[in-house]
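Since the structure comes first, as structure tokens, the remarks are kept for the end.
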Amino acid sequence: MKIAVIGGTGLIGSQVVKNLKAAGHEAVPHSQSTGVDIISGRGVDEAVAGADVVVNVTNSPTFDEASLAFFQTSMDNLLAAAHKGGVGHFVILSIVGVDQVPELDYYRAKTLQEQILAAGPIPYSIVRATQFMDFMDAVLSWTADGDTVRLPATPIQPIASKDVARAVAEVAVGDPINGIHNIAGPEVFPLDELGRITLAHKGDNRTVVTDATAGMFAVVKGDVLTDRNAHLAPTRYTDWLS
């Protein structure tokens with residue numbers, strides 16, 4: 001199959017391309033660095049022309065309200081080009097529980113992206129993943145202050161990016177789901193405890209203070225970012241750290 005991977009040079013996209021090529025498919029990475037601009041539309045028609053499948057793993061450059069316009073414009077441009085190019089399957093990567101956290105601008109933007117795809121003219125699949133293990137350092141940095149890091153006890157089910165990429169590649173070469181495929185890591189942790197495990201492994205002596213108001217995950221209600229019934233990936237967090 002010929003598969004156009006939009007965002008194919010990033011953390012997930014580059015691994016998706018590698019997996020698809022290893023399976024014998026023609027996977028072509030596209031991004032701004034290859035001359036494709038999904039906001040202006042430059043190079044988009046050429047990128048998807050002749051592709052059997054389009055995989056879109058691009059991300060908004062910001063997590064604020066501007067992300068809504070990013071996903072609206074990029075999806076409009078990509079879907080129009082894919083429809084014109086005769087693409088038979090359009091895949092995006094989203095987030096488990098994304099539609100349950102309207103307080104976050106970025107989550108509302110990703111929900112909008114899903115809605116645009118579902119309402120569009122092309123058979124589709126949405127892969128929703130739980131929070132990436134790879135982003136834990138960033139999460140710690142958001143609320144770090146001197147010798148302490150403040151984190152809420154929000155339940156998190158971390159997944160390794162390599163497992164996400166593997167799932168996206170598998171969905172891309174299958175039949176369109178016309179729905180959602182949830183993937184998650186094998187374990188659930190309170191975010192504050194995950195922070196303590198991470199710092200201990202790194203030999204970082206900072207203290208994690210449980211604070212229900214700290215950081216972006218403070219607005220998450222209950223365990224909506226987890227899914228014990230999802231397709232569970234094999235990589236455990238402590239093994240990934242090692």
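Going by the structure tokens order, chains are called A, B, ..., each with residues numbered from 1, while ligands are numbered from 1 in the order shown.
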
Would you pick out the contacts of Arg150 of chain A at 10 Å or less, using only C-alpha atoms, so that residues sharing its chain but fewer than 6 positions from it are not included, and give the list as an mmCIF file with N, CA, C and O atoms, in the first residue's frame?
data_model
loop_
_atom_site.group_PDB
_atom_site.id
_atom_site.type_symbol
_atom_site.label_atom_id
_atom_site.label_comp_id
_atom_site.auth_asym_id
_atom_site.auth_seq_id
_atom_site.Cartn_x
_atom_site.Cartn_y
_atom_site.Cartn_z
ATOM 1 N N LEU A 140 6.372 17.207 34.461
ATOM 2 C CA LEU A 140 7.064 17.576 35.697
ATOM 3 C C LEU A 140 7.541 19.028 35.653
ATOM 4 O O LEU A 140 7.519 19.735 36.657
ATOM 5 N N SER A 141 7.953 19.476 34.486
ATOM 6 C CA SER A 141 8.502 20.833 34.375
ATOM 7 C C SER A 141 7.435 21.908 34.521
ATOM 8 O O SER A 141 7.739 23.036 34.931
ATOM 9 N N TRP A 142 6.185 21.570 34.209
ATOM 10 C CA TRP A 142 5.121 22.585 34.238
ATOM 11 C C TRP A 142 4.893 23.148 35.636
ATOM 12 O O TRP A 142 4.551 24.320 35.788
ATOM 13 N N THR A 143 5.039 22.321 36.654
ATOM 14 C CA THR A 143 4.694 22.754 38.010
ATOM 15 C C THR A 143 5.879 22.627 38.968
ATOM 16 O O THR A 143 5.701 22.519 40.171
ATOM 17 N N ALA A 144 7.090 22.615 38.416
ATOM 18 C CA ALA A 144 8.292 22.535 39.246
ATOM 19 C C ALA A 144 8.593 23.903 39.838
ATOM 20 O O ALA A 144 8.493 24.926 39.166
ATOM 21 N N ASP A 192 0.620 11.994 40.589
ATOM 22 C CA ASP A 192 1.624 12.366 41.581
ATOM 23 C C ASP A 192 2.570 11.198 41.867
ATOM 24 O O ASP A 192 3.791 11.374 41.993
ATOM 25 N N GLY A 195 4.982 10.779 39.103
ATOM 26 C CA GLY A 195 6.051 11.752 39.248
ATOM 27 C C GLY A 195 7.123 11.284 40.214
ATOM 28 O O GLY A 195 8.332 11.428 39.961
ATOM 29 N N THR A 207 10.934 16.815 45.724
ATOM 30 C CA THR A 207 9.783 16.202 46.369
ATOM 31 C C THR A 207 8.526 16.485 45.555
ATOM 32 O O THR A 207 8.303 17.620 45.120
ATOM 33 N N VAL A 208 7.718 15.458 45.349
ATOM 34 C CA VAL A 208 6.420 15.641 44.689
ATOM 35 C C VAL A 208 5.373 15.911 45.763
ATOM 36 O O VAL A 208 5.182 15.105 46.681
ATOM 37 N N VAL A 209 4.722 17.048 45.645
ATOM 38 C CA VAL A 209 3.652 17.441 46.556
ATOM 39 C C VAL A 209 2.319 17.238 45.847
ATOM 40 O O VAL A 209 2.121 17.737 44.734
ATOM 41 N N THR A 210 1.420 16.493 46.453
ATOM 42 C CA THR A 210 0.099 16.277 45.852
ATOM 43 C C THR A 210 -0.718 17.550 45.972
ATOM 44 O O THR A 210 -0.951 18.069 47.060
ATOM 45 N N ASP A 211 -1.131 18.078 44.803
ATOM 46 C CA ASP A 211 -1.866 19.348 44.748
ATOM 47 C C ASP A 211 -2.961 19.210 43.698
ATOM 48 O O ASP A 211 -2.679 19.144 42.500
ATOM 49 N N ALA A 212 -4.186 19.162 44.156
ATOM 50 C CA ALA A 212 -5.327 18.935 43.255
ATOM 51 C C ALA A 212 -5.558 20.077 42.277
ATOM 52 O O ALA A 212 -6.362 19.947 41.349
ATOM 53 N N THR A 213 -4.847 21.204 42.453
ATOM 54 C CA THR A 213 -5.048 22.364 41.573
ATOM 55 C C THR A 213 -3.878 22.591 40.621
ATOM 56 O O THR A 213 -3.875 23.565 39.864
ATOM 57 N N ALA A 214 -2.889 21.716 40.628
ATOM 58 C CA ALA A 214 -1.645 21.979 39.900
ATOM 59 C C ALA A 214 -1.662 21.436 38.476
ATOM 60 O O ALA A 214 -1.971 20.261 38.243
ATOM 61 N N GLY A 215 -1.305 22.284 37.522
ATOM 62 C CA GLY A 215 -1.090 21.855 36.148
ATOM 63 C C GLY A 215 -2.359 21.591 35.361
ATOM 64 O O GLY A 215 -3.472 21.651 35.871
#

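When the distance limit is 12 Å and only C-alpha atoms are what count, the residues near Met136 of chain A, minus those fewer than 2 positions from it on the same chain, are A:Gln131, A:Phe132, A:Met133, A:Asp134, A:Ala138, A:Val139, A:Leu140, A:Ser141, A:Trp142, A:Thr143, A:Leu151, A:Ile156, A:Gln157, A:Pro158, A:Ile159, A:Ala160, A:Ser161, A:Leu191, A:Asp192, A:Glu193, A:Leu194, A:Gly195, A:Arg196, A:Ile197, A:Thr198, A:Leu199, A:Tyr237, A:Trp240, A:Leu241.
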
If you keep N, CA, C and O atoms, can you produce a file of those selected residues as a CSV table (one decimal), in the first residue's frame?
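Final file, selection-v6.csv:
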chain,number,residue,atom,x,y,z
A,131,GLN,N,-1.9,8.9,27.7
A,131,GLN,CA,-0.8,9.8,27.8
A,131,GLN,C,0.5,9.1,27.5
A,131,GLN,O,0.8,8.1,28.0
A,132,PHE,N,1.4,9.8,26.7
A,132,PHE,CA,2.7,9.2,26.3
A,132,PHE,C,3.6,9.2,27.5
A,132,PHE,O,3.8,10.3,28.2
A,133,MET,N,4.3,8.1,27.7
A,133,MET,CA,5.4,8.1,28.7
A,133,MET,C,6.5,9.1,28.4
A,133,MET,O,7.0,9.7,29.3
A,134,ASP,N,6.7,9.4,27.1
A,134,ASP,CA,7.7,10.3,26.7
A,134,ASP,C,7.5,11.7,27.1
A,134,ASP,O,8.5,12.5,27.1
A,138,ALA,N,8.1,16.7,30.6
A,138,ALA,CA,7.5,18.0,30.4
A,138,ALA,C,6.4,18.2,31.4
A,138,ALA,O,6.3,19.4,31.9
A,139,VAL,N,5.6,17.2,31.8
A,139,VAL,CA,4.6,17.4,32.8
A,139,VAL,C,5.2,17.8,34.1
A,139,VAL,O,4.7,18.7,34.8
A,140,LEU,N,6.4,17.2,34.5
A,140,LEU,CA,7.1,17.6,35.7
A,140,LEU,C,7.5,19.0,35.7
A,140,LEU,O,7.5,19.7,36.7
A,141,SER,N,8.0,19.5,34.5
A,141,SER,CA,8.5,20.8,34.4
A,141,SER,C,7.4,21.9,34.5
A,141,SER,O,7.7,23.0,34.9
A,142,TRP,N,6.2,21.6,34.2
A,142,TRP,CA,5.1,22.6,34.2
A,142,TRP,C,4.9,23.1,35.6
A,142,TRP,O,4.6,24.3,35.8
A,143,THR,N,5.0,22.3,36.7
A,143,THR,CA,4.7,22.8,38.0
A,143,THR,C,5.9,22.6,39.0
A,143,THR,O,5.7,22.5,40.2
A,151,LEU,N,1.8,18.1,41.8
A,151,LEU,CA,1.0,17.3,40.8
A,151,LEU,C,-0.3,16.8,41.4
A,151,LEU,O,-0.3,16.5,42.6
A,156,ILE,N,-3.6,8.2,35.5
A,156,ILE,CA,-3.0,8.2,34.2
A,156,ILE,C,-2.6,6.8,33.8
A,156,ILE,O,-2.2,6.0,34.7
A,157,GLN,N,-2.7,6.4,32.5
A,157,GLN,CA,-2.4,5.1,32.1
A,157,GLN,C,-1.3,5.2,31.0
A,157,GLN,O,-1.6,5.0,29.8
A,158,PRO,N,-0.1,5.5,31.3
A,158,PRO,CA,0.9,5.9,30.3
A,158,PRO,C,1.3,4.8,29.3
A,158,PRO,O,1.3,3.6,29.7
A,159,ILE,N,1.5,5.2,28.1
A,159,ILE,CA,1.8,4.3,27.0
A,159,ILE,C,3.1,4.8,26.3
A,159,ILE,O,3.3,6.0,26.2
A,160,ALA,N,3.9,3.9,25.9
A,160,ALA,CA,5.2,4.2,25.2
A,160,ALA,C,4.9,4.6,23.7
A,160,ALA,O,4.0,4.0,23.1
A,161,SER,N,5.6,5.6,23.3
A,161,SER,CA,5.4,6.1,21.9
A,161,SER,C,5.6,5.0,20.9
A,161,SER,O,4.9,5.0,19.8
A,191,LEU,N,-1.1,10.5,39.0
A,191,LEU,CA,-0.1,11.3,38.3
A,191,LEU,C,1.0,11.7,39.3
A,191,LEU,O,2.2,11.7,39.0
A,192,ASP,N,0.6,12.0,40.6
A,192,ASP,CA,1.6,12.4,41.6
A,192,ASP,C,2.6,11.2,41.9
A,192,ASP,O,3.8,11.4,42.0
A,193,GLU,N,2.0,10.0,41.9
A,193,GLU,CA,2.9,8.8,42.2
A,193,GLU,C,3.8,8.5,41.0
A,193,GLU,O,5.0,8.2,41.1
A,194,LEU,N,3.3,8.8,39.8
A,194,LEU,CA,4.1,8.6,38.6
A,194,LEU,C,5.2,9.6,38.6
A,194,LEU,O,6.4,9.2,38.2
A,195,GLY,N,5.0,10.8,39.1
A,195,GLY,CA,6.1,11.8,39.2
A,195,GLY,C,7.1,11.3,40.2
A,195,GLY,O,8.3,11.4,40.0
A,196,ARG,N,6.7,10.7,41.3
A,196,ARG,CA,7.7,10.2,42.3
A,196,ARG,C,8.5,9.1,41.7
A,196,ARG,O,9.7,9.0,42.0
A,197,ILE,N,7.9,8.2,41.0
A,197,ILE,CA,8.6,7.0,40.4
A,197,ILE,C,9.7,7.6,39.4
A,197,ILE,O,10.8,7.1,39.4
A,198,THR,N,9.3,8.6,38.6
A,198,THR,CA,10.1,9.2,37.6
A,198,THR,C,11.3,9.8,38.2
A,198,THR,O,12.5,9.6,37.8
A,199,LEU,N,11.1,10.7,39.2
A,199,LEU,CA,12.2,11.4,39.9
A,199,LEU,C,13.2,10.4,40.6
A,199,LEU,O,14.4,10.6,40.5
A,237,TYR,N,5.8,1.1,32.5
A,237,TYR,CA,6.5,2.3,32.7
A,237,TYR,C,7.9,2.1,33.3
A,237,TYR,O,8.9,2.8,32.8
A,240,TRP,N,10.2,1.0,30.6
A,240,TRP,CA,10.5,2.1,29.7
A,240,TRP,C,11.5,3.0,30.3
A,240,TRP,O,12.5,3.4,29.6
A,241,LEU,N,11.4,3.3,31.6
A,241,LEU,CA,12.4,4.2,32.2
A,241,LEU,C,13.8,3.6,32.2
A,241,LEU,O,14.8,4.3,32.0

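Going from atom CA of Phe70 of chain A over to atom CA of Gly10 of chain A, you cover 17.2 Å.
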
| request: Identify, on the basis of only C-alpha atoms, every residue whose closest approach to Val96 of chain A does not exceed 6 Å; exclude the query and any residue fewer than 6 positions from it along the same chain; express the result as an NGL selection string. | output: :A and (128-130 or 225)

| message | Could you pull out the helix (DSSP H, G or I) residues of segment 62-232 of chain A, going by DSSP on the backbone, and write them as a PyMOL selection string? | response | chain A and resi 66-84+98-100+105-119+133-142+161-172+191-202+216-219

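The nearest approach to Val127 of chain A among the residues A:Ile3, A:Val57, A:Ala69, A:Ala82, with only C-alpha atoms taken into account, belongs to A:Val57.
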
| task | Quick one: pull the distance between atom CA of Glu114 of chain A and atom CA of Thr235 of chain A, Å, one decimal. | result | 26.8 Å

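When the distance limit is 9 Å and only C-alpha atoms are what count, the residues near Tyr124 of chain A, minus those fewer than 2 positions from it on the same chain, are Gly88, His89, Phe90, Val91, Ile92, Leu117, Ala118, Gly120, Ile122, Ile126, Asp175, Pro176, Ile177, Asn178 and Gly179 of chain A.
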
Residue selection dump (N, CA and C atoms) as a PDB file, in the first residue's frame:
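Resulting contents of result_12.pdb:
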ATOM      1  N   GLY A  88      -8.642   6.251   0.160  1.00  0.00           N
ATOM      2  CA  GLY A  88      -9.709   5.380   0.633  1.00  0.00           C
ATOM      3  C   GLY A  88      -9.800   5.218   2.137  1.00  0.00           C
ATOM      4  N   HIS A  89      -8.840   5.774   2.873  1.00  0.00           N
ATOM      5  CA  HIS A  89      -8.814   5.572   4.334  1.00  0.00           C
ATOM      6  C   HIS A  89      -8.014   6.719   4.943  1.00  0.00           C
ATOM      7  N   PHE A  90      -8.582   7.388   5.930  1.00  0.00           N
ATOM      8  CA  PHE A  90      -7.924   8.522   6.595  1.00  0.00           C
ATOM      9  C   PHE A  90      -7.848   8.205   8.083  1.00  0.00           C
ATOM     10  N   VAL A  91      -6.628   8.236   8.635  1.00  0.00           N
ATOM     11  CA  VAL A  91      -6.383   7.865  10.026  1.00  0.00           C
ATOM     12  C   VAL A  91      -5.837   9.067  10.790  1.00  0.00           C
ATOM     13  N   ILE A  92      -6.376   9.310  11.989  1.00  0.00           N
ATOM     14  CA  ILE A  92      -5.783  10.316  12.868  1.00  0.00           C
ATOM     15  C   ILE A  92      -5.479   9.698  14.228  1.00  0.00           C
ATOM     16  N   LEU A 117     -13.355  14.837  10.929  1.00  0.00           N
ATOM     17  CA  LEU A 117     -13.040  13.609  10.199  1.00  0.00           C
ATOM     18  C   LEU A 117     -14.281  12.738  10.040  1.00  0.00           C
ATOM     19  N   ALA A 118     -15.022  12.564  11.130  1.00  0.00           N
ATOM     20  CA  ALA A 118     -16.205  11.696  11.094  1.00  0.00           C
ATOM     21  C   ALA A 118     -17.277  12.236  10.145  1.00  0.00           C
ATOM     22  N   GLY A 120     -16.632  13.927   7.432  1.00  0.00           N
ATOM     23  CA  GLY A 120     -16.034  14.105   6.117  1.00  0.00           C
ATOM     24  C   GLY A 120     -16.406  13.014   5.130  1.00  0.00           C
ATOM     25  N   ILE A 122     -14.504  10.681   3.613  1.00  0.00           N
ATOM     26  CA  ILE A 122     -13.574   9.561   3.447  1.00  0.00           C
ATOM     27  C   ILE A 122     -13.733   8.562   4.590  1.00  0.00           C
ATOM     28  N   ILE A 126     -10.085   6.472  13.909  1.00  0.00           N
ATOM     29  CA  ILE A 126      -9.511   7.322  14.946  1.00  0.00           C
ATOM     30  C   ILE A 126      -8.833   6.419  15.970  1.00  0.00           C
ATOM     31  N   ASP A 175      -8.823  -2.335   7.426  1.00  0.00           N
ATOM     32  CA  ASP A 175     -10.023  -1.698   6.895  1.00  0.00           C
ATOM     33  C   ASP A 175     -10.406  -0.505   7.769  1.00  0.00           C
ATOM     34  N   PRO A 176     -10.991   0.532   7.179  1.00  0.00           N
ATOM     35  CA  PRO A 176     -11.442   1.668   7.985  1.00  0.00           C
ATOM     36  C   PRO A 176     -12.412   1.219   9.079  1.00  0.00           C
ATOM     37  N   ILE A 177     -12.245   1.767  10.264  1.00  0.00           N
ATOM     38  CA  ILE A 177     -13.113   1.436  11.388  1.00  0.00           C
ATOM     39  C   ILE A 177     -14.403   2.246  11.341  1.00  0.00           C
ATOM     40  N   ASN A 178     -14.285   3.470  10.787  1.00  0.00           N
ATOM     41  CA  ASN A 178     -15.385   4.444  10.858  1.00  0.00           C
ATOM     42  C   ASN A 178     -15.833   4.614  12.309  1.00  0.00           C
ATOM     43  N   GLY A 179     -14.839   4.668  13.191  1.00  0.00           N
ATOM     44  CA  GLY A 179     -15.073   4.795  14.615  1.00  0.00           C
ATOM     45  C   GLY A 179     -13.746   4.946  15.326  1.00  0.00           C
TER      46      GLY A 179
END

| query | Per DSSP on the backbone, what are the strand (DSSP E) residues of segment 20-146 of chain A, as a ChimeraX atom specification? | reply | /A:26-30,53-56,89-95,124-129,144-145

Could you write out that same residue set with C-alpha atoms as a PDB file, in the first residue's frame?
ATOM      1  CA  GLU A  26       5.418   2.442   0.636  1.00  0.00           C
ATOM      2  CA  ALA A  27       5.241   4.966   3.489  1.00  0.00           C
ATOM      3  CA  VAL A  28       6.140   8.551   2.638  1.00  0.00           C
ATOM      4  CA  PRO A  29       6.738  11.096   5.448  1.00  0.00           C
ATOM      5  CA  HIS A  30       5.464  14.636   4.926  1.00  0.00           C
ATOM      6  CA  VAL A  53      -4.187   5.814   3.029  1.00  0.00           C
ATOM      7  CA  VAL A  54      -3.464   9.141   4.726  1.00  0.00           C
ATOM      8  CA  VAL A  55      -2.216   9.031   8.317  1.00  0.00           C
ATOM      9  CA  ASN A  56      -2.331  12.414  10.059  1.00  0.00           C
ATOM     10  CA  HIS A  89      -8.814   5.572   4.334  1.00  0.00           C
ATOM     11  CA  PHE A  90      -7.924   8.522   6.595  1.00  0.00           C
ATOM     12  CA  VAL A  91      -6.383   7.865  10.026  1.00  0.00           C
ATOM     13  CA  ILE A  92      -5.783  10.316  12.868  1.00  0.00           C
ATOM     14  CA  LEU A  93      -4.224   9.961  16.307  1.00  0.00           C
ATOM     15  CA  SER A  94      -6.231  11.356  19.210  1.00  0.00           C
ATOM     16  CA  ILE A  95      -6.462  11.007  23.007  1.00  0.00           C
ATOM     17  CA  TYR A 124     -11.757   6.796   8.543  1.00  0.00           C
ATOM     18  CA  SER A 125     -10.227   5.437  11.715  1.00  0.00           C
ATOM     19  CA  ILE A 126      -9.511   7.322  14.946  1.00  0.00           C
ATOM     20  CA  VAL A 127      -6.789   5.877  17.172  1.00  0.00           C
ATOM     21  CA  ARG A 128      -7.122   7.261  20.700  1.00  0.00           C
ATOM     22  CA  ALA A 129      -4.085   6.764  22.946  1.00  0.00           C
ATOM     23  CA  ALA A 144       8.292  22.535  39.246  1.00  0.00           C
ATOM     24  CA  ASP A 145       9.302  25.149  41.803  1.00  0.00           C
TER      25      ASP A 145
END

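The space between atom CA of Asp147 of chain A and atom CA of Leu104 of chain A spans 27.8 Å.
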
| Any idea what's packed within 12 Å of Ala23 of chain A, counting only C-alpha atoms, ignoring anything in its chain fewer than 5 positions away? Could you give it as a PyMOL selection string? | chain A and resi 1-2+16-18+166+169-170+172-173

| said: At a cut-off of 7 Å, using only C-alpha atoms, what residues contact segment 38-42 of chain A? Leave out same-chain residues fewer than 6 positions from it and give the result as a ChimeraX atom specification. | reply: /A:73-74,77-78

| request: Might you pull out every residue within 7 Å of Pro190 of chain A, with only C-alpha atoms counted and same-chain residues fewer than 6 positions away left off, and present them as a ChimeraX atom specification? | output: /A:153-156

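Each of A:Val188, A:Val44, A:Ala218, A:Val98 was checked against Leu232 of chain A using only C-alpha atoms; the smallest atom-to-atom distance is that of A:Val188.
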
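Comparing A:Val5, A:Ala200, A:Ala233, A:Val220 by their smallest distance to Glu103 of chain A, the closest is A:Val220 (using only C-alpha atoms).
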